[in-house]
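A short write-up of the structure that comes next.
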Amino acid sequence: MRKPVIIGVGLTPVGEHWKLSLRDLAVEALLNAMEDAGVDKVDSLYVGNMASGSFVEQENLGALIADWAGLGNIPAVKIEAACASGGAAVQEGVKAVMSGLEDVVAVVGVEKMTDAWPSDATRYLAYAADAEWELFHGVSFVALNALAMRLYMKEYGYTEEDLALFAVNAHANGAKNLYAMFKKPITVETVMKSPYVADPLKLFDASPIADGAAAVIITTEEKAKEFVDKAKMVEVAGMGRAVDTINLANRKDFLFLKAAHVAAQKAYKMAGVEVKDIDFFEVHDAFTVMAALSLESIGAAERGKGAMLAKEGQIAIDGDYPIQTLGGLKARGHPVGATGVYQTVEAVWQLRGEAPNQVPDAEIGLTQNIGGTGSNITVTILRRV
Amino acid sequence: MGRPMQVARYWRHFKEKYRLIGGKCKSCGHVHFPKRPVCPECGSQEVEEFQFSGKGKVVSWTIVRNPPSGYEYYKPYPIALIQLEEGPVILAQLTDVDPEEIDFGMEVEMVTRKVREFEEDGIILYGYKFRPPIK
């Protein structure tokens with residue numbers, strides 16, 4: 001099979017972009033990535049997006065974005081996997097290149113969330129849950145995660161302060177990322193003083209609603225040489241994806257992300273690596289408890305020990321398991337369908353050695369992107385060429 | 001947004017939502033809620049209706065303070081994962097309870113309550129909620 005390589009990345013800052021529409025954001029990120037890769041045309045476009053129909057009354061994003069970016073009559077489609085749409089779109093792009101059907105593929109993740117009224121945004125996000133057996137009862141996504149957080153603390157004896165350490169780490173790293181929504185360090189006290197959104201989950205346990213777009217250009221290792229130097233190439237070495245029950249209540253185990261476990265094992269096998277080989281992890285910390293559960297399910301920590309990594313300082317940039325090296329969802333921001341592509345862009349920066357918060361000598365990085373309450377998860381492993 | 005004229009969308013679940021009827025696999029005996037076309041345990045497509053007792057215990061809970069649109073009027077309200085005495089876990093609101101008294105393992109029973117109303121000319125949704133049993 002052909003070896004897939006990322007040769008260009010582009011993005012917009014994450015934030016409340018009052019002057020920019022969904023198409024403005026997507027086109028900006030996409031053209032930046034094409035410029036970075038030195039390509040002026042692509043064979044196809046995959047758009048990662050969760051809920052443009054709900055947020056801005058726009059579907060058919062493949063046509064919209066290809067049209068406005070001037071890409072001509074190429075094939076272009078939207079890939080949807082809730083908040084994992086971006087990670088899934090990257091993987092679909094990689095598959096297209098590996099298959100031999102397309103040589104130069106563009107992937108853009110985009111979400112425009114702030115045009116919606118906040119309680120409507122809360123509603124649209126909950127569409128990723130089970131509409132008839134969860135949302136019907138008035139549950140929000142935050143509330144579903146709060147149910148898991150309360151159980152996690154009880155089962156393993158952690159406190160709200162312990163979990164707050166994930167937010168503190170994310171903000172410390174995000175402070176160095178010019179593209180992050182929040183560039184300000186916080187303390188455990190900041191988290192503890194923030195109001196409950198769904199007890200015991202507080203405002204600062206949660207990632208923010210935001211606008212943003214990120215893009216990557218993927219081609220084969222052979223073809224890449226036509227466009228960029230080796231220093232700019234990053235290989236997509238392994239990837240996996242899996243689903244779980246749509247309804248949290250139907251899970252046999254509320255504290256293990258089975259889909260992340262399955263996806264990670266597939267990715268490790270494909271890349272021929274083990275967890276200990278990985279230099280940094282961009283996990284899906286939409287809520288602090290999800291960072292802990294993610295680390296456990298991908299095998300970076302034993303069950304119940306995910307939050308211990310935070311307490312021991314091992315998730316910091318100089319620890320054994322650096323996570324959220326450029327702010328993660330919490331500080332960089334979480335424009336849902338774009339998040340998986342932001343993670344990919346940040347991993348590419350780390351592996352090219354050009355990250356503003358560099359992990360020393362990073363050779364292998366992992367991104368993990370969650371859709372729903374753990375119901376649709378992607379794991380991708382990137383490696384320096 | 002959220003102004004369904006389609007009564008049928010909610011009416012079709014009256015057995016589950018008013019009476020807590022779920023499914024039981026004729027092949028392996030696994031009970032689940034709501035009833036599915038394929039048994040989640042053994043994959044059999046022979047699933048029959050099963051009447052749950054409505055009694056259960058709280059597994060985890062939260063207080064929804066920032067609800068999705070359509071539910072703002074009712075905030076704050078408690079939502080819980082409840083393990084039914086027959087085994088399955090379901091998600092539902094708790095009612096007739098002081099939020100301070102909710103705890104792991106608290107016994108609850110099903111009641112039928114109003115879940116939400118739509119605008120003036122809209123329908124009124126009813127469904128199951130759970131409360132501490134009346135002694």
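Within each chain, counting starts at residue 1; across the structure tokens, chains are named A, B, ... in the order shown, with ligands numbered 1 upward in that order.
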
Query raised in the report: Within 8 Å of chain B, which residues of chain A show up when using only C-alpha atoms, listed as a PyMOL selection string?
Result: chain A and resi 119-123+126+133-134+136-140+143+146-148+150-151+196-200+249-250

Leaving out Val385 (chain A) and any residue of its chain fewer than 3 positions from it, which residues lie within 8 Å of it when counting only C-alpha atoms, given as a list in words?
Lys230, Ala231, Met233, Val234 and Glu235 of chain A

Can I get the selection written as a CSV table (one decimal), in the first residue's frame, with all heavy atoms?
chain,number,residue,atom,x,y,z
A,230,LYS,N,12.0,17.1,2.7
A,230,LYS,CA,11.7,16.1,3.6
A,230,LYS,C,11.3,16.6,5.0
A,230,LYS,O,10.5,16.0,5.7
A,230,LYS,CB,12.9,15.1,3.7
A,230,LYS,CG,12.6,13.8,4.3
A,230,LYS,CD,13.9,12.9,4.3
A,230,LYS,CE,13.7,11.8,5.3
A,230,LYS,NZ,15.0,11.2,5.6
A,231,ALA,N,12.0,17.7,5.4
A,231,ALA,CA,11.7,18.3,6.7
A,231,ALA,C,10.2,18.6,6.9
A,231,ALA,O,9.8,18.7,8.1
A,231,ALA,CB,12.6,19.5,6.9
A,233,MET,N,7.7,16.9,5.6
A,233,MET,CA,6.8,15.7,5.5
A,233,MET,C,6.6,15.0,6.8
A,233,MET,O,7.5,14.8,7.6
A,233,MET,CB,7.5,14.7,4.6
A,233,MET,CG,7.7,15.2,3.2
A,233,MET,SD,8.5,13.8,2.2
A,233,MET,CE,9.2,14.7,0.8
A,234,VAL,N,5.3,14.7,7.1
A,234,VAL,CA,5.0,13.9,8.2
A,234,VAL,C,4.1,12.7,7.8
A,234,VAL,O,3.1,12.9,7.1
A,234,VAL,CB,4.2,14.7,9.3
A,234,VAL,CG1,3.6,13.8,10.4
A,234,VAL,CG2,5.1,15.8,9.9
A,235,GLU,N,4.6,11.5,8.1
A,235,GLU,CA,3.9,10.3,7.7
A,235,GLU,C,2.6,10.0,8.6
A,235,GLU,O,2.7,10.1,9.8
A,235,GLU,CB,4.8,9.1,7.8
A,235,GLU,CG,4.2,7.8,7.4
A,235,GLU,CD,5.0,6.6,7.8
A,235,GLU,OE1,6.0,6.7,8.5
A,235,GLU,OE2,4.5,5.4,7.6

With distances taken over only C-alpha atoms, which of B:Glu107, B:Glu41, B:Asp96, B:Glu85 is nearest to Ser53 (chain B)?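 The answer is B:Glu85, which sits nearest to Ser53 (chain B).
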
- helix (DSSP H, G or I) residues, from DSSP on the backbone, in region 16-112 of chain B, as a list in words: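 Taking region 16-112 of chain B and keeping helix (DSSP H, G or I) gives Glu16, Lys17, Tyr18, Arg19, Glu72, Tyr73, Tyr74, Pro99, Glu100 and Glu101 of chain B.
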
I'd like the contact shell of Gln51 (chain B) - 7 Å cut-off, only C-alpha atoms, skipping same-chain residues fewer than 5 positions apart - returned as a ChimeraX atom specification. /B:20-22

Need to verify the contact set: Asn49 (chain A), 6 Å, only C-alpha atoms, exclusion of same-chain residues closer than 2 positions in sequence. Can you return it as a VMD selection string?
chain A and resid 80 85 109 to 110 337

For N, CA and C atoms, I'd like the residues from the last selection saved as a PDB file, in the first residue's frame.
ATOM      1  N   GLU A  80     -19.087  13.141   8.503  1.00  0.00           N
ATOM      2  CA  GLU A  80     -19.675  13.462   9.811  1.00  0.00           C
ATOM      3  C   GLU A  80     -19.532  12.297  10.773  1.00  0.00           C
ATOM      4  N   SER A  85     -15.656  14.303  13.670  1.00  0.00           N
ATOM      5  CA  SER A  85     -15.753  14.498  12.218  1.00  0.00           C
ATOM      6  C   SER A  85     -14.409  14.870  11.606  1.00  0.00           C
ATOM      7  N   GLY A 109     -11.320  20.748   8.220  1.00  0.00           N
ATOM      8  CA  GLY A 109     -12.332  20.615   9.278  1.00  0.00           C
ATOM      9  C   GLY A 109     -12.823  22.008   9.602  1.00  0.00           C
ATOM     10  N   VAL A 110     -14.120  22.181   9.724  1.00  0.00           N
ATOM     11  CA  VAL A 110     -14.654  23.521   9.984  1.00  0.00           C
ATOM     12  C   VAL A 110     -15.911  23.433  10.836  1.00  0.00           C
ATOM     13  N   GLY A 337     -16.434  20.048  14.659  1.00  0.00           N
ATOM     14  CA  GLY A 337     -16.046  19.260  13.479  1.00  0.00           C
ATOM     15  C   GLY A 337     -14.643  19.568  12.979  1.00  0.00           C
TER      16      GLY A 337
END
